[in-house]
Amino acid sequence: MAELTGLKLEQRHGKSRVRVARVWRDRDGKHHFAEWSVNISLISDCLPAYVSGDNSDIVATDTMKNTVYAKAKECSEQLSAEDFAIVLAKHFTSFYQQVTAAIVNIVEKPWERISIKGQQHEHGFKLGSERHTTEVMVDKSGTLRLTSGIEGLSILKTTKSGFEGFIRDQYTMLPETRERMMATEVTASWRYSFESLSSLPLKPLYFTERYMDVKEVLLNTFFGPSKEGVYSPSVQATLYEMAKAVLGRFPDISFIQLKMPNLHFLPVNLPSKDKPVIVKFADDVFLPTDEPHGTIQATLSRLRSKM
């Protein structure tokens with residue numbers, strides 16, 4: 001066994017962007033479909049590969065890629081991205097003696113079933129926008145760390161937003177307002193409280209349903225009731241209310257992180273030398289811009305009770 005003297009090596013290796021699509025067919029003819037981009041990272045006892053060129057303890061990354069397709073084939077029943085990541089992580093940590101832990105990250109492409117004349121199509125799908133993400137870490141003892149999330153959730157409301165009372169100094173030009181557009185692209189990630197493989201829920205598609213429910217809570221909190229909406233005094237305040245609503249609704253989520261850039265819609269006023277007003281802004285004509293934009297992010301977690 002090769003050894004290091006006076007040095008410490010931390011290493012992992014894996015395969016990234018393994019794309020796989022899976023179709024499941026019900027007995028009644030209805031099809032279900034998922035497309036995933038899978039990233040695998042293995043933590044393993046393969047020190048000789050680094051220090052002496054001995055590859056005998058290496059799991060080849062091509063093997064990892066092939067395993068994704070083999071395991072997708074074995075999954076005869078529809079399952080969530082989280083469950084597929086768990087299947088892969090369990091395989092790598094149990095099948096290979098050298099592997100001490102596996103980290104599997106999956107991004108699901110947002111294919112959505114279409115409806116024709118109000119009826120769901122049996123095998124037709126269209127590409128949506130926001131993406132379902134997950135990251136699973138499993139070690140040999142069965143200890144689990146499970147995170148899910150949303151990327152690219154673009155949302156906007158045309159009123160019920162303002163920003164006032166902020167610090168003003170010689171560099172401040174932004175006027176205060178109680179009437180503005182509010183737009184952002186939400187990136188959310190939340191950690192489940194399940195800490196071992198044995199503690200996972202047995203209900204099929206549990207995590208798919210939870211993903212949809214979390215997204216619904218985030219949207220409902222951002223927009224408010226359909227008629228009157230809800231006022232936002234800042235992106236920060238709305239972000240906090242969204243995060244608090246998720247933790248309040250789902251006891252199996254231990255923390256949630258939200259990133260919500262402030263995508264600006266600038267009022268348009270157009271004067272000219274010959275005509276004082278070409279366009280006079282009346283909360284109607286805007287210049288959309290996302291460069292530069294404000295960046296707001298925060299993590300809200302539960303406090304562990306003292307024994």
# chains A, B, ... in the order shown; residues from 1 in each chain; ligands from 1
call {"tool": "residues_around", "arguments": {"residues": "Ser301 of chain A", "least_positions_apart": "5", "cutoff": "8 Å", "atoms": "only C-alpha atoms", "output": "PyMOL selection string"}}
result
chain A and resi 247+254-256
call {"tool": "residues_around", "arguments": {"residues": "segment 35-50 of chain A", "least_positions_apart": "2", "cutoff": "6 Å", "atoms": "only C-alpha atoms", "output": "PyMOL selection string"}}
result
chain A and resi 2+12-21+52-55+57+98-109
call {"tool": "write_last_selection", "arguments": {"atoms": "N, CA, C and O atoms", "output": "compact mmCIF listing (two decimals), in the first residue's frame"}}
result
# COMPACT_ATOMS: atom_id res chain seq x y z
N ALA A 2 0.61 2.13 -0.96
CA ALA A 2 1.36 3.38 -1.03
C ALA A 2 0.93 4.29 0.11
O ALA A 2 -0.22 4.28 0.54
N ARG A 12 -11.71 12.60 -4.86
CA ARG A 12 -12.92 11.91 -5.33
C ARG A 12 -12.88 11.91 -6.85
O ARG A 12 -12.18 12.71 -7.47
N HIS A 13 -13.60 11.02 -7.46
CA HIS A 13 -13.68 11.01 -8.92
C HIS A 13 -15.07 10.55 -9.32
O HIS A 13 -15.79 9.92 -8.54
N GLY A 14 -15.45 10.89 -10.54
CA GLY A 14 -16.80 10.56 -10.95
C GLY A 14 -17.06 10.83 -12.42
O GLY A 14 -16.13 11.04 -13.21
N LYS A 15 -18.32 10.84 -12.77
CA LYS A 15 -18.77 11.06 -14.15
C LYS A 15 -19.85 12.13 -14.14
O LYS A 15 -20.79 12.06 -13.32
N SER A 16 -19.73 13.09 -15.03
CA SER A 16 -20.67 14.20 -15.07
C SER A 16 -21.48 14.20 -16.36
O SER A 16 -21.05 13.70 -17.40
N ARG A 17 -22.69 14.76 -16.24
CA ARG A 17 -23.60 14.99 -17.37
C ARG A 17 -23.88 13.70 -18.13
O ARG A 17 -23.84 13.66 -19.36
N VAL A 18 -24.21 12.68 -17.38
CA VAL A 18 -24.69 11.44 -18.00
C VAL A 18 -26.19 11.62 -18.26
O VAL A 18 -26.99 11.68 -17.32
N ARG A 19 -26.56 11.74 -19.49
CA ARG A 19 -27.96 12.00 -19.84
C ARG A 19 -28.69 10.69 -20.10
O ARG A 19 -28.23 9.84 -20.85
N VAL A 20 -29.84 10.55 -19.44
CA VAL A 20 -30.63 9.33 -19.58
C VAL A 20 -32.11 9.71 -19.59
O VAL A 20 -32.54 10.61 -18.86
N ALA A 21 -32.88 9.06 -20.44
CA ALA A 21 -34.33 9.24 -20.49
C ALA A 21 -34.99 7.89 -20.28
O ALA A 21 -34.47 6.85 -20.71
N SER A 52 1.19 6.05 -6.96
CA SER A 52 2.07 5.06 -7.60
C SER A 52 1.54 4.54 -8.94
O SER A 52 2.09 3.59 -9.49
N GLY A 53 0.44 5.14 -9.45
CA GLY A 53 -0.07 4.74 -10.75
C GLY A 53 -0.73 3.38 -10.77
O GLY A 53 -0.92 2.79 -11.84
N ASP A 54 -1.13 2.86 -9.62
CA ASP A 54 -1.79 1.55 -9.52
C ASP A 54 -3.30 1.77 -9.54
O ASP A 54 -3.89 2.28 -8.58
N ASN A 55 -3.95 1.38 -10.62
CA ASN A 55 -5.38 1.64 -10.81
C ASN A 55 -6.29 0.51 -10.36
O ASN A 55 -7.48 0.50 -10.67
N ASP A 57 -7.76 -0.24 -7.70
CA ASP A 57 -8.90 0.10 -6.84
C ASP A 57 -9.80 1.18 -7.42
O ASP A 57 -10.66 1.73 -6.72
N GLN A 98 -14.26 -0.70 -2.27
CA GLN A 98 -13.39 0.47 -2.15
C GLN A 98 -14.15 1.77 -1.92
O GLN A 98 -13.59 2.76 -1.44
N VAL A 99 -15.41 1.81 -2.31
CA VAL A 99 -16.18 3.06 -2.25
C VAL A 99 -16.75 3.25 -0.85
O VAL A 99 -17.52 2.43 -0.37
N THR A 100 -16.37 4.34 -0.22
CA THR A 100 -16.85 4.64 1.13
C THR A 100 -18.09 5.53 1.13
O THR A 100 -18.89 5.50 2.06
N ALA A 101 -18.26 6.35 0.10
CA ALA A 101 -19.43 7.21 0.00
C ALA A 101 -19.66 7.58 -1.45
O ALA A 101 -18.72 7.64 -2.25
N ALA A 102 -20.91 7.82 -1.79
CA ALA A 102 -21.27 8.22 -3.15
C ALA A 102 -22.15 9.46 -3.08
O ALA A 102 -23.07 9.54 -2.25
N ILE A 103 -21.87 10.41 -3.96
CA ILE A 103 -22.67 11.62 -4.09
C ILE A 103 -23.26 11.63 -5.50
O ILE A 103 -22.52 11.57 -6.48
N VAL A 104 -24.56 11.68 -5.59
CA VAL A 104 -25.25 11.67 -6.88
C VAL A 104 -26.11 12.92 -6.99
O VAL A 104 -26.95 13.18 -6.12
N ASN A 105 -25.87 13.68 -8.03
CA ASN A 105 -26.62 14.90 -8.30
C ASN A 105 -27.39 14.72 -9.60
O ASN A 105 -26.83 14.26 -10.59
N ILE A 106 -28.67 15.05 -9.59
CA ILE A 106 -29.52 14.90 -10.77
C ILE A 106 -30.28 16.19 -11.04
O ILE A 106 -30.83 16.80 -10.12
N VAL A 107 -30.29 16.60 -12.31
CA VAL A 107 -31.14 17.69 -12.77
C VAL A 107 -32.15 17.09 -13.74
O VAL A 107 -31.77 16.45 -14.72
N GLU A 108 -33.43 17.28 -13.44
CA GLU A 108 -34.49 16.72 -14.28
C GLU A 108 -34.96 17.76 -15.29
O GLU A 108 -35.29 18.90 -14.93
N LYS A 109 -34.99 17.38 -16.54
CA LYS A 109 -35.49 18.27 -17.58
C LYS A 109 -37.01 18.38 -17.45
O LYS A 109 -37.68 17.37 -17.24
call {"tool": "select_by_dssp", "arguments": {"residues": "segment 225-260 of chain A", "states": "strand (DSSP E or B)", "output": "ChimeraX atom specification"}}
result
/A:232,253-259
call {"tool": "residues_around", "arguments": {"residues": "segment 289-300 of chain A", "least_positions_apart": "6", "cutoff": "10 Å", "atoms": "only C-alpha atoms", "output": "list of chain:residue names"}}
result
A:Ala183, A:Thr184, A:Val186, A:Thr187, A:Ala188, A:Ser189, A:Trp190, A:Val235, A:Gln236, A:Leu239, A:Tyr240, A:Ala243, A:Lys244, A:Val246, A:Leu247, A:Ser254, A:Phe255, A:Ile256, A:Gln257, A:Leu258, A:Lys259, A:Met260, A:Pro261, A:Asn262, A:Leu263, A:His264, A:Phe265, A:Leu266
call {"tool": "write_last_selection", "arguments": {"atoms": "N, CA, C and O atoms", "output": "compact mmCIF listing (two decimals), in the first residue's frame"}}
result
# COMPACT_ATOMS: atom_id res chain seq x y z
N ALA A 183 -39.77 41.12 -10.16
CA ALA A 183 -39.48 39.93 -10.95
C ALA A 183 -38.20 39.29 -10.44
O ALA A 183 -37.27 39.97 -10.01
N THR A 184 -38.16 37.97 -10.49
CA THR A 184 -36.99 37.24 -10.02
C THR A 184 -36.96 35.87 -10.68
O THR A 184 -37.93 35.44 -11.30
N VAL A 186 -36.15 32.27 -9.22
CA VAL A 186 -35.91 31.61 -7.94
C VAL A 186 -35.05 30.36 -8.14
O VAL A 186 -35.32 29.52 -9.01
N THR A 187 -34.02 30.25 -7.30
CA THR A 187 -33.29 29.00 -7.12
C THR A 187 -33.50 28.60 -5.67
O THR A 187 -33.17 29.36 -4.76
N ALA A 188 -34.07 27.43 -5.46
CA ALA A 188 -34.36 26.96 -4.11
C ALA A 188 -33.71 25.60 -3.89
O ALA A 188 -33.64 24.77 -4.81
N SER A 189 -33.24 25.36 -2.67
CA SER A 189 -32.79 24.03 -2.29
C SER A 189 -33.19 23.79 -0.85
O SER A 189 -33.11 24.70 -0.02
N TRP A 190 -33.65 22.59 -0.58
CA TRP A 190 -34.08 22.26 0.78
C TRP A 190 -33.56 20.88 1.18
O TRP A 190 -33.45 19.98 0.36
N VAL A 235 -37.58 42.43 -1.67
CA VAL A 235 -37.32 41.03 -2.03
C VAL A 235 -36.96 40.24 -0.78
O VAL A 235 -37.37 39.09 -0.60
N GLN A 236 -36.22 40.89 0.13
CA GLN A 236 -35.81 40.20 1.35
C GLN A 236 -37.01 39.74 2.16
O GLN A 236 -37.04 38.60 2.66
N LEU A 239 -38.77 36.87 0.34
CA LEU A 239 -37.96 35.66 0.43
C LEU A 239 -38.16 35.00 1.79
O LEU A 239 -38.37 33.77 1.89
N TYR A 240 -38.10 35.78 2.85
CA TYR A 240 -38.26 35.22 4.20
C TYR A 240 -39.64 34.59 4.38
O TYR A 240 -39.76 33.49 4.93
N ALA A 243 -39.71 31.23 2.55
CA ALA A 243 -38.96 30.19 3.25
C ALA A 243 -39.70 29.74 4.51
O ALA A 243 -39.78 28.54 4.80
N LYS A 244 -40.24 30.71 5.25
CA LYS A 244 -40.96 30.38 6.49
C LYS A 244 -42.21 29.54 6.19
O LYS A 244 -42.55 28.62 6.95
N VAL A 246 -42.59 27.40 3.77
CA VAL A 246 -42.19 26.02 3.46
C VAL A 246 -41.91 25.25 4.74
O VAL A 246 -42.39 24.12 4.93
N LEU A 247 -41.13 25.82 5.65
CA LEU A 247 -40.82 25.12 6.90
C LEU A 247 -42.08 24.92 7.74
O LEU A 247 -42.22 23.91 8.44
N SER A 254 -35.73 20.32 6.91
CA SER A 254 -34.99 20.91 8.04
C SER A 254 -34.47 22.31 7.74
O SER A 254 -34.32 23.12 8.65
N PHE A 255 -34.16 22.61 6.47
CA PHE A 255 -33.80 23.98 6.11
C PHE A 255 -34.06 24.19 4.64
O PHE A 255 -34.18 23.26 3.85
N ILE A 256 -34.17 25.47 4.28
CA ILE A 256 -34.36 25.82 2.87
C ILE A 256 -33.51 27.04 2.56
O ILE A 256 -33.42 27.98 3.37
N GLN A 257 -32.86 27.02 1.42
CA GLN A 257 -32.10 28.17 0.93
C GLN A 257 -32.79 28.70 -0.32
O GLN A 257 -33.18 27.93 -1.20
N LEU A 258 -32.93 30.02 -0.37
CA LEU A 258 -33.53 30.67 -1.54
C LEU A 258 -32.56 31.72 -2.08
O LEU A 258 -31.99 32.50 -1.32
N LYS A 259 -32.40 31.73 -3.40
CA LYS A 259 -31.66 32.77 -4.11
C LYS A 259 -32.65 33.46 -5.04
O LYS A 259 -33.27 32.79 -5.88
N MET A 260 -32.79 34.77 -4.90
CA MET A 260 -33.80 35.50 -5.66
C MET A 260 -33.20 36.80 -6.19
O MET A 260 -33.33 37.86 -5.56
N PRO A 261 -32.53 36.76 -7.34
CA PRO A 261 -32.02 38.00 -7.93
C PRO A 261 -33.17 38.95 -8.28
O PRO A 261 -34.25 38.52 -8.68
N ASN A 262 -32.92 40.23 -8.09
CA ASN A 262 -33.93 41.24 -8.38
C ASN A 262 -33.78 41.67 -9.84
O ASN A 262 -32.89 42.45 -10.18
N LEU A 263 -34.62 41.13 -10.71
CA LEU A 263 -34.57 41.44 -12.14
C LEU A 263 -35.37 42.72 -12.40
O LEU A 263 -36.56 42.77 -12.11
N HIS A 264 -34.73 43.70 -12.94
CA HIS A 264 -35.30 45.04 -12.97
C HIS A 264 -36.13 45.31 -14.23
O HIS A 264 -35.77 44.90 -15.33
N PHE A 265 -37.21 46.06 -14.02
CA PHE A 265 -38.01 46.63 -15.10
C PHE A 265 -38.02 48.13 -14.86
O PHE A 265 -38.69 48.63 -13.95
N LEU A 266 -37.24 48.85 -15.66
CA LEU A 266 -37.01 50.28 -15.41
C LEU A 266 -38.09 51.12 -16.10
O LEU A 266 -38.45 50.86 -17.26
call {"tool": "atom_distance", "arguments": {"atom1": "atom CA of Ile86 of chain A", "atom2": "atom CA of Val136 of chain A"}}
result
6.4 Å
call {"tool": "closest_residue", "arguments": {"among": "A:Gly248, A:Pro110, A:Gly224, A:Gly165", "to": "Arg131 of chain A", "atoms": "only C-alpha atoms"}}
result
A:Pro110
call {"tool": "select_by_dssp", "arguments": {"residues": "segment 46-167 of chain A", "states": "alpha helix (DSSP H)", "output": "MDAnalysis selection string"}}
result
chainID A and resid 47:51 61:74 81:95
call {"tool": "residues_around", "arguments": {"residues": "Met212 of chain A", "least_positions_apart": "3", "cutoff": "12 Å", "atoms": "only C-alpha atoms", "output": "number ranges by chain"}}
result
A: 80, 130-132, 148-150, 205-209, 215-219, 246
call {"tool": "write_last_selection", "arguments": {"atoms": "N, CA and C atoms", "output": "PDB file, in the first residue's frame"}}
result
ATOM      1  N   SER A  80     -39.039   8.892  -8.660  1.00  0.00           N
ATOM      2  CA  SER A  80     -38.602  10.288  -8.652  1.00  0.00           C
ATOM      3  C   SER A  80     -37.115  10.382  -8.912  1.00  0.00           C
ATOM      4  N   GLU A 130     -38.835  25.642 -15.331  1.00  0.00           N
ATOM      5  CA  GLU A 130     -38.028  25.384 -14.142  1.00  0.00           C
ATOM      6  C   GLU A 130     -37.649  23.906 -14.040  1.00  0.00           C
ATOM      7  N   ARG A 131     -36.489  23.667 -13.383  1.00  0.00           N
ATOM      8  CA  ARG A 131     -35.913  22.322 -13.315  1.00  0.00           C
ATOM      9  C   ARG A 131     -35.915  21.801 -11.881  1.00  0.00           C
ATOM     10  N   HIS A 132     -36.238  20.528 -11.760  1.00  0.00           N
ATOM     11  CA  HIS A 132     -36.218  19.812 -10.478  1.00  0.00           C
ATOM     12  C   HIS A 132     -34.809  19.265 -10.269  1.00  0.00           C
ATOM     13  N   SER A 148     -33.201  18.485  -2.137  1.00  0.00           N
ATOM     14  CA  SER A 148     -33.936  18.689  -3.388  1.00  0.00           C
ATOM     15  C   SER A 148     -34.003  20.179  -3.685  1.00  0.00           C
ATOM     16  N   GLY A 149     -34.422  20.519  -4.908  1.00  0.00           N
ATOM     17  CA  GLY A 149     -34.474  21.934  -5.225  1.00  0.00           C
ATOM     18  C   GLY A 149     -35.152  22.254  -6.531  1.00  0.00           C
ATOM     19  N   ILE A 150     -35.174  23.547  -6.817  1.00  0.00           N
ATOM     20  CA  ILE A 150     -35.749  24.110  -8.046  1.00  0.00           C
ATOM     21  C   ILE A 150     -34.736  25.079  -8.628  1.00  0.00           C
ATOM     22  N   LEU A 205     -43.240   7.798  -5.330  1.00  0.00           N
ATOM     23  CA  LEU A 205     -43.229   9.169  -5.839  1.00  0.00           C
ATOM     24  C   LEU A 205     -43.441  10.207  -4.734  1.00  0.00           C
ATOM     25  N   TYR A 206     -43.061   9.860  -3.516  1.00  0.00           N
ATOM     26  CA  TYR A 206     -43.184  10.792  -2.389  1.00  0.00           C
ATOM     27  C   TYR A 206     -42.461  12.105  -2.677  1.00  0.00           C
ATOM     28  N   PHE A 207     -41.238  12.017  -3.196  1.00  0.00           N
ATOM     29  CA  PHE A 207     -40.429  13.223  -3.380  1.00  0.00           C
ATOM     30  C   PHE A 207     -40.888  14.044  -4.586  1.00  0.00           C
ATOM     31  N   THR A 208     -41.467  13.394  -5.586  1.00  0.00           N
ATOM     32  CA  THR A 208     -42.056  14.146  -6.690  1.00  0.00           C
ATOM     33  C   THR A 208     -43.230  14.980  -6.190  1.00  0.00           C
ATOM     34  N   GLU A 209     -44.083  14.374  -5.370  1.00  0.00           N
ATOM     35  CA  GLU A 209     -45.215  15.106  -4.807  1.00  0.00           C
ATOM     36  C   GLU A 209     -44.748  16.233  -3.896  1.00  0.00           C
ATOM     37  N   LYS A 215     -43.095  23.808  -4.418  1.00  0.00           N
ATOM     38  CA  LYS A 215     -43.194  24.836  -5.459  1.00  0.00           C
ATOM     39  C   LYS A 215     -44.514  25.611  -5.333  1.00  0.00           C
ATOM     40  N   GLU A 216     -45.589  24.914  -5.050  1.00  0.00           N
ATOM     41  CA  GLU A 216     -46.889  25.573  -4.889  1.00  0.00           C
ATOM     42  C   GLU A 216     -46.871  26.540  -3.711  1.00  0.00           C
ATOM     43  N   VAL A 217     -46.278  26.145  -2.593  1.00  0.00           N
ATOM     44  CA  VAL A 217     -46.202  27.029  -1.433  1.00  0.00           C
ATOM     45  C   VAL A 217     -45.365  28.264  -1.753  1.00  0.00           C
ATOM     46  N   LEU A 218     -44.238  28.093  -2.434  1.00  0.00           N
ATOM     47  CA  LEU A 218     -43.407  29.231  -2.807  1.00  0.00           C
ATOM     48  C   LEU A 218     -44.179  30.210  -3.689  1.00  0.00           C
ATOM     49  N   LEU A 219     -44.891  29.691  -4.673  1.00  0.00           N
ATOM     50  CA  LEU A 219     -45.636  30.556  -5.588  1.00  0.00           C
ATOM     51  C   LEU A 219     -46.793  31.259  -4.877  1.00  0.00           C
ATOM     52  N   VAL A 246     -42.592  27.396   3.772  1.00  0.00           N
ATOM     53  CA  VAL A 246     -42.193  26.024   3.457  1.00  0.00           C
ATOM     54  C   VAL A 246     -41.910  25.250   4.736  1.00  0.00           C
TER      55      VAL A 246
END
